[in-house]
>>> print(open('run.txt').read())   # compact mmCIF, C-alpha atoms and all ligand atoms
# COMPACT_ATOMS: atom_id res chain seq x y z
CA MET A 25 17.17 -8.56 -23.87
CA THR A 26 15.68 -8.32 -20.38
CA ARG A 27 14.84 -11.69 -18.85
CA LEU A 28 11.41 -11.60 -17.23
CA GLY A 29 9.09 -13.65 -15.07
CA GLN A 30 5.37 -12.90 -14.85
CA VAL A 31 2.87 -13.80 -12.14
CA GLY A 32 -0.89 -13.70 -12.86
CA LEU A 33 -2.33 -15.09 -16.08
CA GLY A 34 -5.90 -13.77 -16.00
CA PRO A 35 -7.40 -11.79 -18.89
CA TRP A 36 -5.17 -8.79 -18.29
CA GLY A 37 -2.10 -10.87 -17.54
CA ARG A 38 -2.56 -12.46 -20.96
CA ASN A 39 -2.19 -9.04 -22.62
CA LEU A 40 0.95 -8.28 -20.64
CA ALA A 41 2.49 -11.66 -21.45
CA ARG A 42 1.82 -11.14 -25.17
CA ASN A 43 3.69 -7.83 -25.10
CA PHE A 44 6.56 -8.88 -22.86
CA ASP A 45 7.09 -12.06 -24.87
CA ASP A 46 7.44 -9.90 -28.01
CA LEU A 47 9.62 -7.22 -26.45
CA GLY A 48 11.73 -9.14 -23.92
CA ASP A 49 12.84 -12.62 -22.94
CA LEU A 50 9.82 -14.00 -21.05
CA ALA A 51 11.41 -16.87 -19.12
CA TRP A 52 8.77 -17.78 -16.50
CA LEU A 53 4.98 -17.66 -16.23
CA CYS A 54 3.31 -18.26 -12.87
CA ASP A 55 -0.30 -18.76 -11.77
CA VAL A 56 -1.72 -20.71 -8.87
CA GLU A 57 -4.45 -22.05 -11.17
CA GLU A 58 -3.43 -24.99 -13.31
CA GLU A 59 -6.00 -24.21 -15.97
CA ARG A 60 -4.55 -20.74 -16.52
CA ARG A 61 -1.04 -22.16 -16.83
CA ALA A 62 -2.19 -24.77 -19.34
CA GLU A 63 -3.89 -22.09 -21.41
CA ALA A 64 -0.80 -19.86 -21.36
CA ALA A 65 1.46 -22.78 -22.29
CA GLN A 66 -0.30 -22.90 -25.66
CA ARG A 67 0.87 -19.40 -26.49
CA HIS A 68 4.26 -19.12 -24.75
CA SER A 69 7.36 -21.25 -24.46
CA ALA A 70 8.24 -19.85 -21.00
CA ARG A 71 8.64 -22.25 -18.06
CA MET A 72 5.40 -22.64 -16.06
CA THR A 73 5.04 -22.76 -12.30
CA GLY A 74 2.42 -22.40 -9.59
CA HIS A 75 5.00 -21.09 -7.12
CA PHE A 76 6.00 -17.44 -7.23
CA ASP A 77 9.21 -18.24 -5.31
CA ASP A 78 10.53 -20.10 -8.38
CA LEU A 79 10.74 -16.75 -10.21
CA LEU A 80 12.49 -15.07 -7.29
CA ALA A 81 14.97 -17.91 -6.86
CA ASP A 82 16.10 -17.76 -10.49
CA ASP A 83 19.10 -15.40 -10.51
CA THR A 84 18.88 -14.99 -14.28
CA VAL A 85 15.45 -13.31 -13.94
CA GLU A 86 16.06 -9.56 -13.90
CA ALA A 87 12.47 -8.30 -13.79
CA VAL A 88 9.11 -9.47 -12.45
CA VAL A 89 5.71 -8.56 -13.92
CA ILE A 90 2.80 -8.71 -11.45
CA ALA A 91 -0.75 -9.11 -12.80
CA THR A 92 -2.53 -10.68 -9.85
CA PRO A 93 -5.53 -9.21 -7.93
CA VAL A 94 -4.96 -5.81 -6.27
CA PRO A 95 -4.75 -6.97 -2.60
CA THR A 96 -1.72 -9.15 -3.50
CA HIS A 97 0.29 -6.43 -5.29
CA PHE A 98 2.10 -4.89 -2.33
CA ASP A 99 3.39 -8.17 -0.91
CA LEU A 100 4.49 -9.61 -4.27
CA ALA A 101 6.16 -6.34 -5.31
CA ARG A 102 7.99 -6.03 -1.99
CA ARG A 103 9.25 -9.61 -2.14
CA SER A 104 10.42 -9.10 -5.73
CA LEU A 105 12.35 -5.94 -4.86
CA GLU A 106 13.88 -7.65 -1.83
CA ALA A 107 15.03 -10.44 -4.16
CA GLY A 108 16.79 -7.81 -6.28
CA LYS A 109 14.36 -7.78 -9.21
CA HIS A 110 13.02 -4.84 -11.19
CA VAL A 111 9.22 -4.75 -10.90
CA PHE A 112 6.32 -3.90 -13.15
CA VAL A 113 3.17 -4.12 -11.04
CA GLU A 114 -0.39 -3.62 -12.22
CA LYS A 115 -2.30 -0.64 -10.88
CA PRO A 116 -2.66 0.20 -8.08
CA ALA A 117 0.63 -1.11 -6.74
CA ALA A 118 -0.61 -0.88 -3.15
CA MET A 119 -3.82 -0.16 -1.26
CA ARG A 120 -2.35 2.27 1.28
CA GLY A 121 -0.27 5.40 0.79
CA THR A 122 2.24 4.22 3.39
CA GLU A 123 2.70 0.93 1.54
CA MET A 124 3.27 2.74 -1.74
CA GLU A 125 5.87 4.94 -0.01
CA GLU A 126 7.56 1.82 1.36
CA LEU A 127 7.75 0.23 -2.10
CA ALA A 128 9.12 3.40 -3.71
CA GLU A 129 11.76 3.71 -0.98
CA LEU A 130 12.74 0.06 -1.22
CA ALA A 131 13.17 0.37 -5.00
CA GLU A 132 15.44 3.41 -4.53
CA GLN A 133 17.50 1.69 -1.81
CA ARG A 134 17.98 -1.40 -3.96
CA GLY A 135 18.58 0.59 -7.14
CA ARG A 136 15.72 -1.18 -8.92
CA VAL A 137 12.91 0.03 -11.15
CA LEU A 138 9.39 -0.12 -9.71
CA MET A 139 6.82 0.84 -12.30
CA PRO A 140 3.10 0.71 -11.46
CA GLY A 141 0.91 0.00 -14.49
CA HIS A 142 -0.87 3.32 -14.83
CA LEU A 143 -1.67 2.53 -18.44
CA LEU A 144 -3.28 5.83 -19.39
CA LEU A 145 -0.10 7.77 -18.67
CA TYR A 146 1.43 5.99 -21.68
CA HIS A 147 -1.57 6.69 -23.92
CA PRO A 148 -0.51 9.09 -26.69
CA GLY A 149 -3.86 10.93 -26.26
CA VAL A 150 -3.18 11.58 -22.57
CA GLN A 151 0.40 12.61 -23.38
CA LYS A 152 -0.95 15.09 -25.93
CA LEU A 153 -3.45 16.40 -23.35
CA LYS A 154 -0.62 16.87 -20.84
CA GLU A 155 1.43 18.69 -23.48
CA ILE A 156 -1.51 21.03 -24.19
CA VAL A 157 -2.11 21.74 -20.48
CA ALA A 158 1.62 22.24 -19.74
CA SER A 159 2.09 24.58 -22.71
CA GLY A 160 -0.43 27.00 -21.20
CA GLU A 161 -2.61 26.78 -24.29
CA LEU A 162 -5.76 26.39 -22.18
CA GLY A 163 -4.75 29.32 -19.95
CA GLU A 164 -5.05 28.48 -16.27
CA VAL A 165 -6.84 25.19 -15.60
CA LEU A 166 -10.07 25.89 -13.71
CA TYR A 167 -11.50 22.41 -13.35
CA MET A 168 -11.39 18.91 -14.83
CA TYR A 169 -13.55 15.82 -14.80
CA GLY A 170 -13.33 12.19 -15.78
CA ASN A 171 -16.12 9.94 -17.06
CA ARG A 172 -15.53 6.21 -16.98
CA GLN A 173 -18.85 4.48 -17.39
CA ASN A 174 -20.20 1.42 -19.15
CA LEU A 175 -22.54 -1.57 -18.64
CA GLY A 176 -20.53 -4.54 -17.17
CA THR A 177 -17.95 -6.00 -16.52
CA PHE A 178 -19.48 -6.37 -13.05
CA ARG A 179 -16.61 -6.98 -10.64
CA THR A 180 -17.17 -8.58 -7.24
CA ASN A 181 -13.70 -8.30 -5.71
CA GLU A 182 -13.02 -4.56 -6.19
CA ASN A 183 -15.34 -1.57 -6.44
CA ALA A 184 -15.62 1.00 -9.24
CA LEU A 185 -13.29 3.39 -7.39
CA TRP A 186 -10.38 0.93 -7.31
CA SER A 187 -11.08 -0.73 -10.61
CA LEU A 188 -11.96 2.31 -12.76
CA GLY A 189 -11.12 5.39 -10.69
CA VAL A 190 -7.42 4.63 -10.44
CA HIS A 191 -7.12 5.34 -14.18
CA ASP A 192 -8.72 8.81 -14.05
CA LEU A 193 -7.02 9.69 -10.81
CA SER A 194 -3.57 8.94 -12.22
CA VAL A 195 -4.31 11.20 -15.21
CA LEU A 196 -5.93 14.06 -13.28
CA LEU A 197 -3.02 14.27 -10.80
CA HIS A 198 -0.52 14.02 -13.66
CA LEU A 199 -2.23 16.87 -15.53
CA VAL A 200 -2.12 19.36 -12.68
CA ASP A 201 0.97 18.08 -10.85
CA GLU A 202 -0.72 18.70 -7.52
CA GLU A 203 -1.98 16.51 -4.72
CA PRO A 204 -5.61 17.08 -3.63
CA VAL A 205 -6.20 18.71 -0.24
CA GLU A 206 -9.81 17.61 -0.04
CA VAL A 207 -11.49 14.52 -1.44
CA ARG A 208 -15.03 13.23 -1.12
CA ALA A 209 -16.75 10.20 -2.57
CA GLN A 210 -20.27 8.87 -2.60
CA GLY A 211 -21.47 5.68 -4.16
CA ASN A 212 -23.70 2.69 -3.89
CA SER A 213 -23.65 -1.08 -4.31
CA PHE A 214 -26.67 -1.87 -6.43
CA LEU A 215 -25.58 -5.23 -7.82
CA HIS A 216 -23.30 -6.89 -5.29
CA PRO A 217 -23.46 -6.11 -1.55
CA GLY A 218 -20.44 -4.14 -0.35
CA VAL A 219 -18.96 -3.53 -3.82
CA GLU A 220 -19.83 -0.05 -5.04
CA ASP A 221 -20.66 -0.14 -8.75
CA VAL A 222 -21.47 3.57 -9.02
CA VAL A 223 -19.13 6.16 -7.46
CA PHE A 224 -19.02 9.95 -7.71
CA CYS A 225 -15.84 11.67 -6.51
CA TYR A 226 -14.95 15.28 -5.80
CA LEU A 227 -11.37 16.57 -5.42
CA ARG A 228 -10.02 20.01 -4.58
CA PHE A 229 -6.40 21.04 -5.15
CA PRO A 230 -4.25 23.61 -3.27
CA SER A 231 -4.40 25.99 -6.26
CA GLY A 232 -8.20 26.01 -6.05
CA LYS A 233 -8.68 23.78 -9.09
CA MET A 234 -11.36 21.17 -8.69
CA ALA A 235 -12.05 17.83 -10.26
CA HIS A 236 -14.81 15.28 -10.47
CA MET A 237 -14.97 11.61 -11.45
CA HIS A 238 -18.06 9.64 -12.44
CA LEU A 239 -17.25 5.92 -12.24
CA SER A 240 -19.72 3.19 -13.00
CA TRP A 241 -20.26 -0.18 -14.62
CA LEU A 242 -24.04 0.22 -14.30
CA ASP A 243 -24.65 2.80 -17.00
CA PRO A 244 -26.23 2.83 -20.47
CA HIS A 245 -23.31 4.77 -21.97
CA LYS A 246 -19.80 3.59 -22.63
CA ILE A 247 -17.73 6.66 -21.86
CA ARG A 248 -13.95 6.98 -21.49
CA ARG A 249 -13.41 10.72 -21.34
CA ILE A 250 -11.41 13.40 -19.56
CA THR A 251 -12.38 17.05 -19.90
CA VAL A 252 -10.17 19.97 -18.89
CA VAL A 253 -11.57 23.51 -18.74
CA GLY A 254 -9.13 26.41 -18.69
CA ASN A 255 -9.79 30.11 -18.58
CA ASP A 256 -8.86 30.42 -22.29
CA ARG A 257 -9.64 27.10 -23.91
CA MET A 258 -11.06 23.67 -23.14
CA ALA A 259 -9.74 20.25 -24.13
CA VAL A 260 -11.27 16.79 -24.20
CA PHE A 261 -9.58 13.38 -24.38
CA ASP A 262 -12.13 10.87 -25.64
CA ASP A 263 -10.81 7.33 -25.86
CA MET A 264 -14.00 6.09 -27.52
CA GLU A 265 -13.25 8.24 -30.57
CA ARG A 266 -11.26 6.34 -33.17
CA GLU A 267 -9.59 9.32 -34.81
CA ARG A 268 -10.31 12.49 -32.85
CA LYS A 269 -8.94 11.39 -29.50
CA ILE A 270 -8.25 15.00 -28.53
CA THR A 271 -10.45 18.02 -29.23
CA VAL A 272 -9.54 21.57 -28.28
CA TYR A 273 -12.27 24.21 -28.05
CA ASP A 274 -10.88 27.61 -28.81
CA ASN A 275 -11.55 30.84 -26.95
CA TRP A 276 -14.84 30.07 -25.19
CA ARG A 277 -15.17 33.57 -23.76
CA THR A 278 -15.97 35.19 -27.08
CA ARG A 279 -17.89 32.11 -28.30
CA THR A 280 -16.27 32.64 -31.67
CA GLY A 281 -13.51 30.08 -31.43
CA GLU A 282 -12.83 27.12 -33.58
CA ILE A 283 -12.58 23.46 -32.68
CA TYR A 284 -9.52 21.43 -33.67
CA SER A 285 -8.21 17.91 -33.17
CA PRO A 286 -4.44 17.46 -33.14
CA GLN A 287 -2.89 14.31 -34.57
CA VAL A 288 -2.36 11.55 -32.00
CA ASP A 289 -0.11 8.48 -32.41
CA THR A 290 -2.17 5.27 -32.69
CA THR A 291 0.29 2.77 -31.15
CA GLU A 292 -1.34 0.48 -28.55
CA PRO A 293 -0.83 2.17 -25.15
CA LEU A 294 -0.03 -1.17 -23.49
CA ARG A 295 2.78 -1.70 -25.99
CA LEU A 296 4.19 1.74 -25.14
CA GLU A 297 3.83 1.06 -21.41
CA CYS A 298 5.72 -2.27 -21.64
CA ARG A 299 8.41 -0.68 -23.81
CA HIS A 300 8.78 2.12 -21.28
CA PHE A 301 9.34 -0.38 -18.46
CA LEU A 302 12.00 -2.21 -20.43
CA SER A 303 13.75 1.04 -21.33
CA LEU A 304 13.86 1.99 -17.62
CA VAL A 305 15.35 -1.42 -16.80
CA ALA A 306 17.90 -0.82 -19.56
CA GLY A 307 18.96 2.35 -17.73
CA GLU A 308 17.21 5.03 -19.75
CA GLY A 309 15.34 7.84 -17.95
CA ASP A 310 14.55 8.33 -14.26
CA PRO A 311 14.02 4.83 -12.78
CA HIS A 312 12.17 6.10 -9.71
CA LYS A 313 9.75 8.70 -11.06
CA ALA A 314 6.87 6.32 -11.84
CA ALA A 315 6.86 4.91 -8.29
CA ARG A 316 7.13 8.39 -6.72
CA ASP A 317 4.25 9.65 -8.88
CA ALA A 318 2.10 6.72 -7.77
CA ILE A 319 2.27 7.72 -4.08
CA PRO A 320 -0.30 10.58 -4.28
CA VAL A 321 -2.54 8.40 -6.47
CA VAL A 322 -2.69 5.61 -3.87
CA ARG A 323 -3.07 8.16 -1.06
CA ALA A 324 -6.04 9.78 -2.82
CA LEU A 325 -7.62 6.36 -3.48
CA GLU A 326 -7.29 5.47 0.18
CA GLN A 327 -8.85 8.78 1.26
CA LEU A 328 -11.67 8.47 -1.28
CA GLN A 329 -12.40 4.94 -0.02
CA ALA A 330 -12.57 6.24 3.58
CA SER A 331 -14.96 8.96 2.44
CA LEU A 332 -17.09 6.41 0.58
CA GLU A 333 -17.34 4.29 3.73
CA SER A 334 -18.22 7.24 5.95
CA VAL A 335 -21.52 7.82 4.11
CA PRO A 336 -24.20 5.28 5.01
CA ALA A 337 -25.32 3.49 1.82
N1 LIG B 1 -4.22 -1.48 -16.78
C1 LIG B 1 -5.43 -1.87 -17.11
O1 LIG B 1 -6.11 -1.27 -17.94
C2 LIG B 1 -5.99 -3.09 -16.46
C3 LIG B 1 -7.12 -3.72 -16.99
C4 LIG B 1 -7.60 -4.86 -16.36
C5 LIG B 1 -6.99 -5.33 -15.20
N2 LIG B 1 -5.89 -4.68 -14.72
C6 LIG B 1 -5.22 -5.16 -13.49
O2 LIG B 1 -4.52 -6.35 -13.80
C7 LIG B 1 -4.55 -7.25 -12.70
C8 LIG B 1 -5.08 -8.59 -13.18
O3 LIG B 1 -6.36 -8.44 -13.70
P1 LIG B 1 -7.19 -9.71 -14.24
O4 LIG B 1 -8.51 -9.19 -14.65
O5 LIG B 1 -6.36 -10.47 -15.19
O6 LIG B 1 -7.33 -10.52 -12.83
P2 LIG B 1 -7.80 -12.02 -12.52
O7 LIG B 1 -8.20 -12.03 -11.09
O8 LIG B 1 -8.75 -12.51 -13.56
O9 LIG B 1 -6.45 -12.88 -12.68
C9 LIG B 1 -5.44 -12.86 -11.73
C10 LIG B 1 -4.68 -14.21 -11.79
O10 LIG B 1 -3.68 -14.18 -10.78
C11 LIG B 1 -3.60 -15.47 -10.19
N3 LIG B 1 -3.01 -15.32 -8.85
C12 LIG B 1 -3.52 -14.65 -7.80
N4 LIG B 1 -2.66 -14.67 -6.76
C13 LIG B 1 -1.58 -15.39 -7.17
C14 LIG B 1 -0.34 -15.73 -6.55
N5 LIG B 1 -0.04 -15.36 -5.31
N6 LIG B 1 0.55 -16.46 -7.27
C15 LIG B 1 0.27 -16.85 -8.53
N7 LIG B 1 -0.89 -16.53 -9.17
C16 LIG B 1 -1.80 -15.80 -8.50
C17 LIG B 1 -5.03 -15.98 -10.19
O11 LIG B 1 -5.08 -17.39 -10.12
C18 LIG B 1 -5.56 -15.42 -11.51
O12 LIG B 1 -5.41 -16.37 -12.57
C19 LIG B 1 -5.41 -6.58 -11.63
O13 LIG B 1 -4.54 -5.94 -10.73
C20 LIG B 1 -6.20 -5.53 -12.37
O14 LIG B 1 -6.46 -4.39 -11.57
C21 LIG B 1 -5.38 -3.60 -15.33
>>> encode(input="run.txt", output="structure tokens")
Amino acid sequence: MTRLGQVGLGPWGRNLARNFDDLGDLAWLCDVEEERRAEAAQRHSARMTGHFDDLLADDTVEAVVIATPVPTHFDLARRSLEAGKHVFVEKPAAMRGTEMEELAELAEQRGRVLMPGHLLLYHPGVQKLKEIVASGELGEVLYMYGNRQNLGTFRTNENALWSLGVHDLSVLLHLVDEEPVEVRAQGNSFLHPGVEDVVFCYLRFPSGKMAHMHLSWLDPHKIRRITVVGNDRMAVFDDMERERKITVYDNWRTRTGEIYSPQVDTTEPLRLECRHFLSLVAGEGDPHKAARDAIPVVRALEQLQASLESVPA
């Protein structure tokens, strides 16, 4: 069983700790806030500390799980890799493309796994969508768009692009296996100065495909949807649907086609994501693919942020 240490015990960190405690040997939990440690101590028997270095100094710890705020990810991940640990780091693993490249390189040099937590890539619905796109069933993909809207949770430390957009971006790039050549973003901070709560993004790919993302936590609808339009068929991944996560619209050109929803596994995506990390640590699969795939995602986020800032609010 892999021996793990986790840093960050906020609401999301709690979910990760629950899974890693079930699936691995969770030896350490770390948070700078005493209250968070006390709360976690009620659910886990792991050793508690407020000092991240305690995890790194323990030679029996093979892997580190990072669930702290985004600006801290790069530094904590780099230090963990330098200490010879495998790393699971919440998304996005870095805030600059060059930093993401550095982390991926460091992991390869040290022969360690670095897996950014792009949760949706482990969602059986997204995997089914990828399978449908890759099989050619939709024909050639013409365009795609992501909707990630709801009312609240209003964040004050990261905007809708970094908090919500990273999910759609990771899926859109995964679906087409291309890096955008042009990105544009516009948004506004209606609730908290300087933190955009509504963001619209446009992306264009070398093949001519285009994509759009509507990201917002100031919206009457709760939507978690990705739509892919091909020149034969169209497919939708709708995470708000309980049963029909995927719908394929047949032959739109003749308007005679049928609609069908393939079966999708209902295992919790976070469980699958954590299991995937542990299987990589155990030596199964390509240990460096996840980090390499995250480079274009972070690059696109950085470019979209620059575009967002270039438009006066
Ligand atoms: N994959 C997903 O769907 C998903 C969903 C929600 C959040 N997240 C990500 O998970 C991460 C955590 O989210 P959250 O909402 O729990 O955040 P949070 O800010 O509520 O909690 C982070 C915790 O980390 C602690 N911390 C910060 N720096 C530290 C350090 N250097 N050493 C020790 N402890 C430190 C803080 O005290 C805090 O308790 C974020 O990166 C977020 O983007 C991912």
>>> closest_atom_pairs(input="run.txt", of="chain A", to="ligand LIG 1 (chain B)", cutoff="8 Å", atoms="only C-alpha atoms and all ligand atoms", output="CSV")
residue,atom,partner,partner_atom,distance
A:Val31,CA,B:LIG1,C15,5.4
A:Gly32,CA,B:LIG1,O10,3.5
A:Leu33,CA,B:LIG1,O12,4.8
A:Gly34,CA,B:LIG1,O5,3.4
A:Pro35,CA,B:LIG1,O5,4.1
A:Trp36,CA,B:LIG1,O5,3.7
A:Gly37,CA,B:LIG1,O5,4.9
A:Arg38,CA,B:LIG1,O5,7.2
A:Cys54,CA,B:LIG1,C15,5.5
A:Asp55,CA,B:LIG1,N7,3.5
A:Val56,CA,B:LIG1,N7,4.3
A:Glu57,CA,B:LIG1,O11,4.8
A:Arg60,CA,B:LIG1,O12,6.0
A:Gly74,CA,B:LIG1,C15,6.0
A:His75,CA,B:LIG1,N6,6.4
A:Phe76,CA,B:LIG1,N6,5.5
A:Ile90,CA,B:LIG1,C7,7.6
A:Ala91,CA,B:LIG1,C7,4.2
A:Thr92,CA,B:LIG1,O10,3.8
A:Pro93,CA,B:LIG1,O13,4.4
A:Val94,CA,B:LIG1,O13,4.5
A:Thr96,CA,B:LIG1,N4,6.5
A:His97,CA,B:LIG1,O13,7.3
A:Leu100,CA,B:LIG1,N5,7.4
A:Val113,CA,B:LIG1,O13,7.9
A:Glu114,CA,B:LIG1,O13,5.0
A:Lys115,CA,B:LIG1,O14,5.6
A:Pro116,CA,B:LIG1,O14,6.9
A:Gly141,CA,B:LIG1,N1,5.8
A:His142,CA,B:LIG1,N1,6.2
A:Leu143,CA,B:LIG1,N1,5.0
A:Leu144,CA,B:LIG1,O1,7.8
A:Trp186,CA,B:LIG1,O14,7.9
A:Ser187,CA,B:LIG1,O14,6.0
A:His191,CA,B:LIG1,O1,7.7
A:Leu294,CA,B:LIG1,N1,7.9
>>> closest_residue(input="run.txt", among="A:Val288, A:Met72, A:Met168, A:Leu302", to="A:Trp52", atoms="all atoms listed in the file")
A:Met72
>>> closest_atom_pairs(input="run.txt", of="stretch 106-134 of chain A", to="stretch 79-85 of chain A", cutoff="10 Å", atoms="only C-alpha atoms", output="CSV")
residue,atom,partner,partner_atom,distance
A:Glu106,CA,A:Leu80,CA,9.3
A:Ala107,CA,A:Leu80,CA,6.1
A:Gly108,CA,A:Leu80,CA,8.5
A:Lys109,CA,A:Val85,CA,7.4
A:His110,CA,A:Val85,CA,9.2
>>> closest_residue(input="run.txt", among="A:Arg61, A:Asn255, A:Arg299, A:Leu28", to="A:Tyr167", atoms="all atoms listed in the file")
A:Asn255
>>> closest_residue(input="run.txt", among="A:Val88, A:Leu153, A:Leu40, A:Leu193", to="A:Val207", atoms="only C-alpha atoms")
A:Leu193
>>> closest_residue(input="run.txt", among="A:Glu297, A:Glu164, A:Asp310, A:Asp317", to="A:Phe44", atoms="all atoms listed in the file")
A:Glu297
>>> residues_around(input="run.txt", residues="A:Leu199", least_positions_apart="3", cutoff="7 Å", atoms="only C-alpha atoms", output="ChimeraX atom specification")
/A:154,157,195-196
>>> atom_distance(input="run.txt", atom1="atom CA of A:Tyr273", atom2="atom CA of A:Gly254")
10.1 Å
>>> residues_around(input="run.txt", residues="A:Glu125", least_positions_apart="5", cutoff="10 Å", atoms="all atoms listed in the file", output="list in words")
Ala118, Arg120, Leu130, Ala131, Ala315, Arg316, Ala318, Ile319, Pro320, Val322 and Arg323 of chain A
>>> residues_around(input="run.txt", residues="A:Gly163", least_positions_apart="3", cutoff="12 Å", atoms="only C-alpha atoms", output="ChimeraX atom specification")
/A:156-160,166-167,252-259,274-277
>>> atom_distance(input="run.txt", atom1="atom CA of A:Gly176", atom2="atom CA of A:Trp241")
5.1 Å
>>> atom_distance(input="run.txt", atom1="atom CA of A:Glu161", atom2="atom CA of A:Met264")
23.8 Å
>>> decode(input="run.txt", residues="stretch 83-89 of chain A", atoms="all heavy atoms", output="mmCIF file, in the first residue's frame")
data_model
loop_
_atom_site.group_PDB
_atom_site.id
_atom_site.type_symbol
_atom_site.label_atom_id
_atom_site.label_comp_id
_atom_site.auth_asym_id
_atom_site.auth_seq_id
_atom_site.Cartn_x
_atom_site.Cartn_y
_atom_site.Cartn_z
ATOM 1 N N ASP A 83 11.094 9.696 5.329
ATOM 2 C CA ASP A 83 11.522 8.870 4.188
ATOM 3 C C ASP A 83 10.545 7.750 3.864
ATOM 4 O O ASP A 83 10.616 7.167 2.787
ATOM 5 C CB ASP A 83 12.904 8.266 4.460
ATOM 6 C CG ASP A 83 13.976 9.332 4.424
ATOM 7 O OD1 ASP A 83 13.716 10.387 3.794
ATOM 8 O OD2 ASP A 83 15.045 9.127 5.037
ATOM 9 N N THR A 84 9.655 7.440 4.787
ATOM 10 C CA THR A 84 8.694 6.360 4.506
ATOM 11 C C THR A 84 7.509 6.871 3.671
ATOM 12 O O THR A 84 6.726 6.086 3.164
ATOM 13 C CB THR A 84 8.145 5.721 5.805
ATOM 14 O OG1 THR A 84 7.286 6.660 6.467
ATOM 15 C CG2 THR A 84 9.262 5.289 6.730
ATOM 16 N N VAL A 85 7.379 8.206 3.559
ATOM 17 C CA VAL A 85 6.292 8.774 2.741
ATOM 18 C C VAL A 85 6.715 8.718 1.276
ATOM 19 O O VAL A 85 7.710 9.316 0.883
ATOM 20 C CB VAL A 85 5.968 10.231 3.174
ATOM 21 C CG1 VAL A 85 5.032 10.907 2.178
ATOM 22 C CG2 VAL A 85 5.361 10.245 4.561
ATOM 23 N N GLU A 86 5.927 7.971 0.479
ATOM 24 C CA GLU A 86 6.280 7.829 -0.944
ATOM 25 C C GLU A 86 5.627 8.907 -1.808
ATOM 26 O O GLU A 86 6.167 9.302 -2.834
ATOM 27 C CB GLU A 86 5.785 6.468 -1.455
ATOM 28 C CG GLU A 86 6.354 5.271 -0.739
ATOM 29 C CD GLU A 86 5.494 4.039 -0.984
ATOM 30 O OE1 GLU A 86 5.650 3.440 -2.057
ATOM 31 O OE2 GLU A 86 4.661 3.702 -0.128
ATOM 32 N N ALA A 87 4.414 9.342 -1.394
ATOM 33 C CA ALA A 87 3.665 10.261 -2.247
ATOM 34 C C ALA A 87 3.014 11.368 -1.437
ATOM 35 O O ALA A 87 2.575 11.149 -0.305
ATOM 36 C CB ALA A 87 2.588 9.483 -2.991
ATOM 37 N N VAL A 88 2.962 12.559 -2.041
ATOM 38 C CA VAL A 88 2.366 13.727 -1.396
ATOM 39 C C VAL A 88 1.133 14.171 -2.186
ATOM 40 O O VAL A 88 1.159 14.214 -3.417
ATOM 41 C CB VAL A 88 3.413 14.876 -1.315
ATOM 42 C CG1 VAL A 88 2.768 16.176 -0.904
ATOM 43 C CG2 VAL A 88 4.531 14.504 -0.341
ATOM 44 N N VAL A 89 0.065 14.491 -1.453
ATOM 45 C CA VAL A 89 -1.176 14.987 -2.063
ATOM 46 C C VAL A 89 -1.311 16.457 -1.687
ATOM 47 O O VAL A 89 -1.275 16.790 -0.496
ATOM 48 C CB VAL A 89 -2.391 14.181 -1.517
ATOM 49 C CG1 VAL A 89 -3.704 14.763 -2.039
ATOM 50 C CG2 VAL A 89 -2.248 12.702 -1.870
#
